[in-house]
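Q: Submitted below is the structure of interest, expressed as structure tokens.
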2 protein chains.
Amino acid sequence: MTTTPDRAVPDRAALRDLLDGRWGELRRASRELLGELTPPPVHELSRDEHRALVFEQMQVLTKGGHPLHGFPSEYGGHDDVGGSVVSFEVLGYGDLSLMVKAGVQWGLFGGAVQALGTRVHHERYLPAIMSLELPGCFAMTETGHGSDVQRLRTTATYDPDSREFVVHTPDASARKDYIGNAARDGRAAVVFAQLITGDENHGVHALVVPIRDDGGDALPGVTISDCGHKAGLNGVDNGRLSFDHVRVPREALLNRYGDVAEDGTYSSPVEGAGRRFFTMLGTLVRGRISVAGGAGSATKKALALAVRYGEQRRQFTRPGSDDDVVVLDYLAHQRRLLPALATSYALHFAQEELVSALHDAQRDGEVDDRRQRELESRAAGLKAVSTWHATRTIQTCREACGGAGYLAENLLPQLKADTDVFTTFEGDNTVLLQLVAKGLLTSYRDHVGDLDTFGLVRFVAESVVSAVVEHTTARSIIGQLIRDAGDGPLERGWQLKQFEERETHALEGLGKRLRRGASGRRDAFAAFNAAQDHVLFAARAHVDRVVLEAFVAAIDRCEDPATAALLNGVCDLYALANLEADRAWFLEHGRITPARSKAITQHVNQLCRELRPHARLLVDAFDVPERWLAAPITA
Amino acid sequence: MTTTPDRAVPDRAALRDLLDGRWGELRRASRELLGELTPPPVHELSRDEHRALVFEQMQVLTKGGHPLHGFPSEYGGHDDVGGSVVSFEVLGYGDLSLMVKAGVQWGLFGGAVQALGTRVHHERYLPAIMSLELPGCFAMTETGHGSDVQRLRTTATYDPDSREFVVHTPDASARKDYIGNAARDGRAAVVFAQLITGDENHGVHALVVPIRDDGGDALPGVTISDCGHKAGLNGVDNGRLSFDHVRVPREALLNRYGDVAEDGTYSSPVEGAGRRFFTMLGTLVRGRISVAGGAGSATKKALALAVRYGEQRRQFTRPGSDDDVVVLDYLAHQRRLLPALATSYALHFAQEELVSALHDAQRDGEVDDRRQRELESRAAGLKAVSTWHATRTIQTCREACGGAGYLAENLLPQLKADTDVFTTFEGDNTVLLQLVAKGLLTSYRDHVGDLDTFGLVRFVAESVVSAVVEHTTARSIIGQLIRDAGDGPLERGWQLKQFEERETHALEGLGKRLRRGASGRRDAFAAFNAAQDHVLFAARAHVDRVVLEAFVAAIDRCEDPATAALLNGVCDLYALANLEADRAWFLEHGRITPARSKAITQHVNQLCRELRPHARLLVDAFDVPERWLAAPITA
């Protein structure tokens, strides 16, 4: 596999089309729709003005058909789940407040009604949700329970006399917090609460609860407050909701996975409160996948800004001449931007594959448990890796633009501030990577949530975990490349093998360590906790392997030789920069020699030099609408 | 050397006093003065309101005597350079806009008049600068030249007929940019310009140029614009200045290092334009040292917030019980916060030592060139390392507080936004580390700036660089510890030895590499550029060694055994987490075995567990005024 891009410069359109992939037409249409919006001078707007503007732009999106993609055709939608994620992702090139607000309304709120409700809810709510007549909230997180949703403490107690549920916030820590659409616009909320009927708690369920009247005032028993200013995303009206014995009719319960009869009898198609809970949560997996996509877009935009600036900014003369050096010609500058750019390419293809998997699972109707769990695990893993990549890369891009990058007019400060929460919302990344590791350790044996730490450690202690890497899609090319691989760092098969062995070895080692810990005198928590860094490493190694394979598969699909040659270089840079960052691990485990380790660093340097002339093309192919890139540093 | 902190819990006051160090009394008084100010709800203020408030608070600082520390006693100051840096550092616990504005007025503007001017300027300006009657700017950076100040393009051309200088901005790229105090308050500016007399350019000099009249309007020929909104620090009025043939009297030239006689004859006590320029710049070294200190304070405040939250936030039950786990009990949470906290301790002591060195050099009057160059190099290195540590750690603290950390009311967003520019202002960190490396390669043979890349590579090629580490202060203890060291990772001598050998080996390797590069066919730029990652690594290794030694020296000064025992554990964590992050290098160079490498990781985990009970004490000892920590997450 050659790493030097072909002399034939690939066509920007060909590269863009490969990136656009399966939903190419929809991506182009979404970019056009976004391009119709005027970028607001966010930093010059008050919070109220920004919120008002975002709500106006939501109307423009509605008119442009944006909300329709993911909803059922019988209510006017397009039945295109993948398309709904992709159109959200495209909004990541614009004002991220608008993206998040759209995600709250149509993805989280509308998505919950769709996935957890039944026909009666769909008929009543979906048209009004799509048309934005009914702005709504997804009220899951509580002040005291963010990551540990299963233990949230809002209650919905059935009263058979009135055939109503009583929704109640027992104390301040059970207050719904950080809820988008709550502080200003929401009229209703999907409220997650412990469902109690006849003194029995059936676990967390969701109900549609009206929160404001037509005049916009909070309904009796509902207390709404404003989360106030945030680091970014101030066009989204996050707020807090408390309920004081608020009564809603029995039909408010989104009853697809659990229902209460008039007399208070509980029934569910899913046995076990824990299993039921995770089945419900699983239907909401699209939210995490969407965040990963949105983070990807914001990162691409930051890279586009930094690369354009790096290509025109000059500083210090070249010795022996009067020419100032273009800063992107400095190795240190290349090393900051180009491996990050290569990683954005890799994550893009992994994201595309994940969206396809989600779409196909949905299309196929009831999928088997294992397939669903794998999907959830991949969503969790890619969300964590993509959002950390966003945080790190956007920071780097800001620094790479120096003082200019600190000025609001150059867009990077807003990108940084808006995306900063992505690492902790829709699942804290550290918690998500642990879910990934638990899934791997148990071979997706059961819903990871079902197995608490104690159960997990016991399970691992009792079984022999033989980590067998399963390639995420049937791709003969991966196996073939590994089998045919020589021993050079620029051989794709060698790279794939390193990624794969890092994963299997990390997992096997983790299994051993947990068994050892559990058999000793320490409790299960201590055993798991002592290995927590190892847990996170193993999960990360898994995600990285999946990402590399997605990149390889994308190049394999590419029919244009010049594009494929360029992408091969980009893939080399992704793979080797990733291995370089982890080279201590490979050295510790005797998998590479010190000489090989140093050679990898030299290869990364060399790849940076080779790809530098193509940096502009690589960011141009992201096709960020020009008006959303307009800034003095790109002028 | 024991790493387990003594069972006797050290006294918070003892720890605080050790941290307060040489300027303890001044630190306490400065904290009290800061505590008198009311923390403004920065995010609720418009930019204009924030600027106005900061200017008001500048008056409070003035009344409190804050500006006096660094100025000469003959004009009412305290002749206490170290104190001026320390009092600036304390402001880092408050609104960072106020800190930066104070730094611009009294440190940069006042400092330039003091260091570059002579008696006539001191008499005329210093009292008005201290009293804030004359708000002023430090107009060095231009749109086209940030890092490469020597080549800035504003001109000051002497006109012997009128005995005036004509200050002129030849084109847009020569416009003064990002200038603090320019957009709103500044009445005068110290303008850096190429000094031309009789058609000869004598290089960059500084002149005092009035920019606004008493009514606040721009003076004729001066164009002032506003940099507008920034990521943070919006209480500072950064602006742009252009000059259209603005005439100032001959006496406007700050003439300590270069003067122009009435007839236009140029004279200077320093020979050579380059050498003169770097001598002038060298007198301004305090700015960089101050930024490192301010970054340190902001980082400490972020750690105080995150540790307090981490001690009370609970999430997920402990298996087999109903208790929720305090998040700081998770290993992953400890690993995010505690090594960063240990590093803040290490950097604190290194900063204190650097401030002392600056203070003593100033007190001793004319110091020899080598001592001055070392001081500049340490300032550059510590500024880079401290500000990157700030950026990374404040980000981590935000994430460690989850959604709560994203809310403005919890202070972390403002800390992040305000400090973000520290890595690129007062010298871009990447450029600064290269200055450090050049100083080391040439053994401070000459002003690093004098030696361009070409000269440097030639110099290195011609000489045999034998990197001999010189301990930054006479500390017999360092040598003793190294000589007595056994081979355990918890032995301080072993740790010191690793830091030292990393530095010497990196430097020697770099020298060899540059010689090889220069002797080949490639040009000097290519040779240096190809080794740029190595250059940055060597500089970083140097700074890290200096920092560790400062920490060891501080513990050696500590008379309270319980405090010393705790600090020994903190120092172990700093040293081993630093080595862990670089363990690939040690493995590549055969300096540690794979088993030792893995053991270091286990030691870091163990130290995190041991120090976790002391985390609160360690942040409390920073003594951030409580009203500046007040936030819902610390309630």
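Ligands are numbered from 1 in the order shown, chains are lettered A, B, ... in the order of the structure tokens, and residues start at 1 in each chain.
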I need the strand (DSSP E) residues of range 59-248 of chain B per DSSP on the backbone, written as a PyMOL selection string.
A: chain B and resi 136-139+155-159+164-168+176-179+188-197+200-210+222-226+239-243+246-248
Q: What does the file look like for those residues with C-alpha atoms, as a PDB file, in the first residue's frame?
A:
```pdb
ATOM      1  CA  GLY B 136      -1.806  53.416  28.592  1.00  0.00           C
ATOM      2  CA  CYS B 137      -1.039  50.694  26.108  1.00  0.00           C
ATOM      3  CA  PHE B 138       1.854  48.460  25.223  1.00  0.00           C
ATOM      4  CA  ALA B 139       1.716  48.610  21.431  1.00  0.00           C
ATOM      5  CA  THR B 155       8.214  53.240  11.558  1.00  0.00           C
ATOM      6  CA  ALA B 156       9.418  56.138  13.691  1.00  0.00           C
ATOM      7  CA  THR B 157      11.382  58.403  11.377  1.00  0.00           C
ATOM      8  CA  TYR B 158      13.330  61.277  12.849  1.00  0.00           C
ATOM      9  CA  ASP B 159      12.838  64.679  11.282  1.00  0.00           C
ATOM     10  CA  GLU B 164      10.249  65.224  15.937  1.00  0.00           C
ATOM     11  CA  PHE B 165       9.664  61.588  15.210  1.00  0.00           C
ATOM     12  CA  VAL B 166       7.072  60.711  12.618  1.00  0.00           C
ATOM     13  CA  VAL B 167       5.267  57.540  13.676  1.00  0.00           C
ATOM     14  CA  HIS B 168       3.658  55.754  10.777  1.00  0.00           C
ATOM     15  CA  LYS B 176      -0.943  47.407  16.075  1.00  0.00           C
ATOM     16  CA  ASP B 177      -3.320  44.629  17.044  1.00  0.00           C
ATOM     17  CA  TYR B 178      -4.795  42.989  20.156  1.00  0.00           C
ATOM     18  CA  ILE B 179      -3.566  45.968  22.188  1.00  0.00           C
ATOM     19  CA  ALA B 188      -1.013  57.029  25.502  1.00  0.00           C
ATOM     20  CA  ALA B 189       0.838  54.061  24.111  1.00  0.00           C
ATOM     21  CA  VAL B 190       4.372  52.801  24.209  1.00  0.00           C
ATOM     22  CA  VAL B 191       4.712  52.138  20.496  1.00  0.00           C
ATOM     23  CA  PHE B 192       7.383  49.782  19.198  1.00  0.00           C
ATOM     24  CA  ALA B 193       8.643  50.868  15.801  1.00  0.00           C
ATOM     25  CA  GLN B 194      11.650  50.681  13.478  1.00  0.00           C
ATOM     26  CA  LEU B 195      13.704  53.740  14.350  1.00  0.00           C
ATOM     27  CA  ILE B 196      14.932  55.521  11.254  1.00  0.00           C
ATOM     28  CA  THR B 197      17.222  58.509  11.251  1.00  0.00           C
ATOM     29  CA  GLU B 200      19.344  54.356   8.487  1.00  0.00           C
ATOM     30  CA  ASN B 201      17.212  51.829  10.315  1.00  0.00           C
ATOM     31  CA  HIS B 202      18.465  51.207  13.855  1.00  0.00           C
ATOM     32  CA  GLY B 203      15.944  48.526  14.623  1.00  0.00           C
ATOM     33  CA  VAL B 204      13.003  48.399  16.959  1.00  0.00           C
ATOM     34  CA  HIS B 205      12.701  51.088  19.619  1.00  0.00           C
ATOM     35  CA  ALA B 206       9.853  52.292  21.787  1.00  0.00           C
ATOM     36  CA  LEU B 207       8.258  55.729  21.962  1.00  0.00           C
ATOM     37  CA  VAL B 208       5.527  57.182  24.095  1.00  0.00           C
ATOM     38  CA  VAL B 209       2.771  58.298  21.742  1.00  0.00           C
ATOM     39  CA  PRO B 210      -0.391  60.061  22.948  1.00  0.00           C
ATOM     40  CA  VAL B 222      -4.425  58.055  15.176  1.00  0.00           C
ATOM     41  CA  THR B 223      -7.040  55.520  14.127  1.00  0.00           C
ATOM     42  CA  ILE B 224      -8.373  53.316  16.890  1.00  0.00           C
ATOM     43  CA  SER B 225     -10.653  50.354  16.424  1.00  0.00           C
ATOM     44  CA  ASP B 226     -12.003  47.708  18.699  1.00  0.00           C
ATOM     45  CA  GLY B 239      -8.033  47.337  20.153  1.00  0.00           C
ATOM     46  CA  ARG B 240      -6.086  48.246  17.041  1.00  0.00           C
ATOM     47  CA  LEU B 241      -3.987  51.323  16.473  1.00  0.00           C
ATOM     48  CA  SER B 242      -2.853  52.840  13.209  1.00  0.00           C
ATOM     49  CA  PHE B 243      -0.724  55.924  12.821  1.00  0.00           C
ATOM     50  CA  VAL B 246       1.829  61.150  13.723  1.00  0.00           C
ATOM     51  CA  ARG B 247       4.436  63.563  15.051  1.00  0.00           C
ATOM     52  CA  VAL B 248       5.855  63.276  18.555  1.00  0.00           C
TER      53      VAL B 248
END
```
Q: Which residues of chain A come within 6 Å of chain B, and for each one, what is the closest pair of atoms and their distance in Å to one decimal, counting only C-alpha atoms, sorted by chain and residue number, as CSV?
A:
```
residue,atom,partner,partner_atom,distance
A:Asp148,CA,B:Phe316,CA,5.7
A:His229,CA,B:Ala408,CA,5.3
A:Lys230,CA,B:Leu407,CA,4.4
A:Ala231,CA,B:Pro413,CA,4.9
A:Phe316,CA,B:Asp148,CA,5.7
A:Pro319,CA,B:Phe454,CA,5.5
A:Leu331,CA,B:Asn529,CA,5.9
A:Gly402,CA,B:Thr424,CA,5.5
A:Tyr406,CA,B:Ala231,CA,5.6
A:Leu407,CA,B:Lys230,CA,4.4
A:Ala408,CA,B:Lys230,CA,4.8
A:Pro413,CA,B:Ala231,CA,4.9
A:Thr424,CA,B:Gly402,CA,5.5
A:Phe454,CA,B:Pro319,CA,5.5
A:Asn529,CA,B:Leu331,CA,5.9
A:Ala584,CA,B:Ala584,CA,4.1
A:Glu588,CA,B:Pro594,CA,4.3
A:Pro594,CA,B:Glu588,CA,4.3
```
Q: Need the shell around Asp572 in chain B: protein/DNA/RNA residues with any atom at most 12 Å away, counting only C-alpha atoms. Skip same-chain ones fewer than 2 positions apart. Format as a PyMOL selection string?
A: chain B and resi 1-5+338-339+342-343+345-346+488-496+548+551-552+555+565-570+574-580+600+603-608+610-611
Q: To test your reading of the structure, identify every residue in range 454-623 of chain B that backbone DSSP assigns to helix (DSSP H, G or I), and report it as a PyMOL selection string.
A: chain B and resi 454-462+476-484+492-519+524-530+532-557+561-581+583-588+594-620
Q: What lies within 12 Å of Ala298 in chain A using only C-alpha atoms, ignoring chain neighbours under 3 positions off, as a ChimeraX atom specification?
A: /A:88-97,99,291-295,301-305,344,348,386-387,389-395,397,411-420,422,622,624,628-629
Q: Give me a file of those residues, with C-alpha atoms, as an mmCIF file, in the first residue's frame.
A:
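Saved result, part_21.cif, follows:
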```
data_model
loop_
_atom_site.group_PDB
_atom_site.id
_atom_site.type_symbol
_atom_site.label_atom_id
_atom_site.label_comp_id
_atom_site.auth_asym_id
_atom_site.auth_seq_id
_atom_site.Cartn_x
_atom_site.Cartn_y
_atom_site.Cartn_z
ATOM 1 C CA PHE A 88 -28.517 16.801 12.253
ATOM 2 C CA GLU A 89 -24.817 16.285 11.577
ATOM 3 C CA VAL A 90 -24.907 18.870 8.778
ATOM 4 C CA LEU A 91 -26.355 21.431 11.202
ATOM 5 C CA GLY A 92 -23.029 21.096 13.039
ATOM 6 C CA TYR A 93 -21.524 23.367 10.367
ATOM 7 C CA GLY A 94 -23.823 26.160 11.512
ATOM 8 C CA ASP A 95 -24.841 27.649 14.833
ATOM 9 C CA LEU A 96 -24.531 24.758 17.268
ATOM 10 C CA SER A 97 -27.309 26.186 19.406
ATOM 11 C CA MET A 99 -28.300 22.085 16.022
ATOM 12 C CA VAL A 291 -23.917 13.951 19.107
ATOM 13 C CA ALA A 292 -20.918 12.121 17.664
ATOM 14 C CA GLY A 293 -21.913 13.360 14.219
ATOM 15 C CA GLY A 294 -22.447 16.938 15.353
ATOM 16 C CA ALA A 295 -19.106 16.930 17.138
ATOM 17 C CA LYS A 301 -15.189 23.363 10.577
ATOM 18 C CA ALA A 302 -12.456 24.215 13.088
ATOM 19 C CA LEU A 303 -9.900 22.356 10.981
ATOM 20 C CA ALA A 304 -11.072 24.177 7.859
ATOM 21 C CA LEU A 305 -10.529 27.508 9.609
ATOM 22 C CA SER A 344 -11.445 13.421 11.560
ATOM 23 C CA HIS A 348 -16.192 10.343 9.615
ATOM 24 C CA SER A 386 -15.491 11.682 18.694
ATOM 25 C CA THR A 387 -16.346 14.260 21.321
ATOM 26 C CA HIS A 389 -11.383 14.432 19.597
ATOM 27 C CA ALA A 390 -13.565 17.504 19.054
ATOM 28 C CA THR A 391 -12.584 19.103 22.353
ATOM 29 C CA ARG A 392 -8.891 18.507 21.792
ATOM 30 C CA THR A 393 -8.828 19.442 18.132
ATOM 31 C CA ILE A 394 -10.887 22.621 18.381
ATOM 32 C CA GLN A 395 -8.594 23.717 21.222
ATOM 33 C CA CYS A 397 -7.091 24.911 16.124
ATOM 34 C CA LEU A 411 -15.469 31.749 14.934
ATOM 35 C CA LEU A 412 -13.186 29.429 16.885
ATOM 36 C CA PRO A 413 -14.124 30.707 20.365
ATOM 37 C CA GLN A 414 -17.796 29.938 19.775
ATOM 38 C CA LEU A 415 -16.997 26.510 18.369
ATOM 39 C CA LYS A 416 -14.916 25.723 21.427
ATOM 40 C CA ALA A 417 -17.490 27.015 23.893
ATOM 41 C CA ASP A 418 -20.436 25.318 22.206
ATOM 42 C CA THR A 419 -18.858 21.882 21.837
ATOM 43 C CA ASP A 420 -17.301 21.744 25.267
ATOM 44 C CA PHE A 422 -20.396 17.257 24.249
ATOM 45 C CA PHE A 622 -15.854 18.720 4.002
ATOM 46 C CA VAL A 624 -18.707 23.566 4.929
ATOM 47 C CA TRP A 628 -20.541 29.652 7.735
ATOM 48 C CA LEU A 629 -16.752 29.894 7.320
#
```
Q: For a quick check of understanding, using only C-alpha atoms, which of B:Gly282, B:Pro39, B:Gly186, B:Gly198 has the smallest distance to Leu219 in chain B?
A: B:Gly186
Q: Pick out the residues sitting within 10 Å of Gly117 in chain A, and hand them over as a PyMOL selection string; count only C-alpha atoms, and ignore anything fewer than 2 positions along from it in its own chain.
A: chain A and resi 111-115+119-122+125+206-208+251-258
Q: At what distance in Å, to one decimal, does CA of Asp364 in chain A lie from CA of Arg22 in chain A?
A: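 If I compute the distance from CA of Arg22 in chain A to CA of Asp364 in chain A, I get 17.5 Å.
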Q: May I ask for the distance between CA of Val327 in chain B and CA of His614 in chain B, given in Å to one decimal place?
A: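 Atom-to-atom, CA of Val327 in chain B and CA of His614 in chain B are spaced 15.0 Å apart.
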Q: Each residue of range 188-255 of chain A with at least one atom at most 9 Å from range 50-55 of chain A should appear once, together with its nearest atom pair and the corresponding distance in Å (one decimal); atoms considered: only C-alpha atoms; ordering: chain, then increasing residue number; output as a Markdown table.
A:
```
| residue | atom | partner | partner_atom | distance |
| --- | --- | --- | --- | --- |
| A:Asn234 | CA | A:His50 | CA | 7.0 |
| A:Gly235 | CA | A:Arg51 | CA | 4.2 |
| A:Val236 | CA | A:Arg51 | CA | 6.1 |
| A:Asp237 | CA | A:Arg51 | CA | 6.7 |
```
Q: Tell me, in Å to one decimal, how far CA of Leu34 in chain A is from CA of Glu626 in chain A.
A: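 Calculated distance between CA of Leu34 in chain A and CA of Glu626 in chain A is 10.7 Å.
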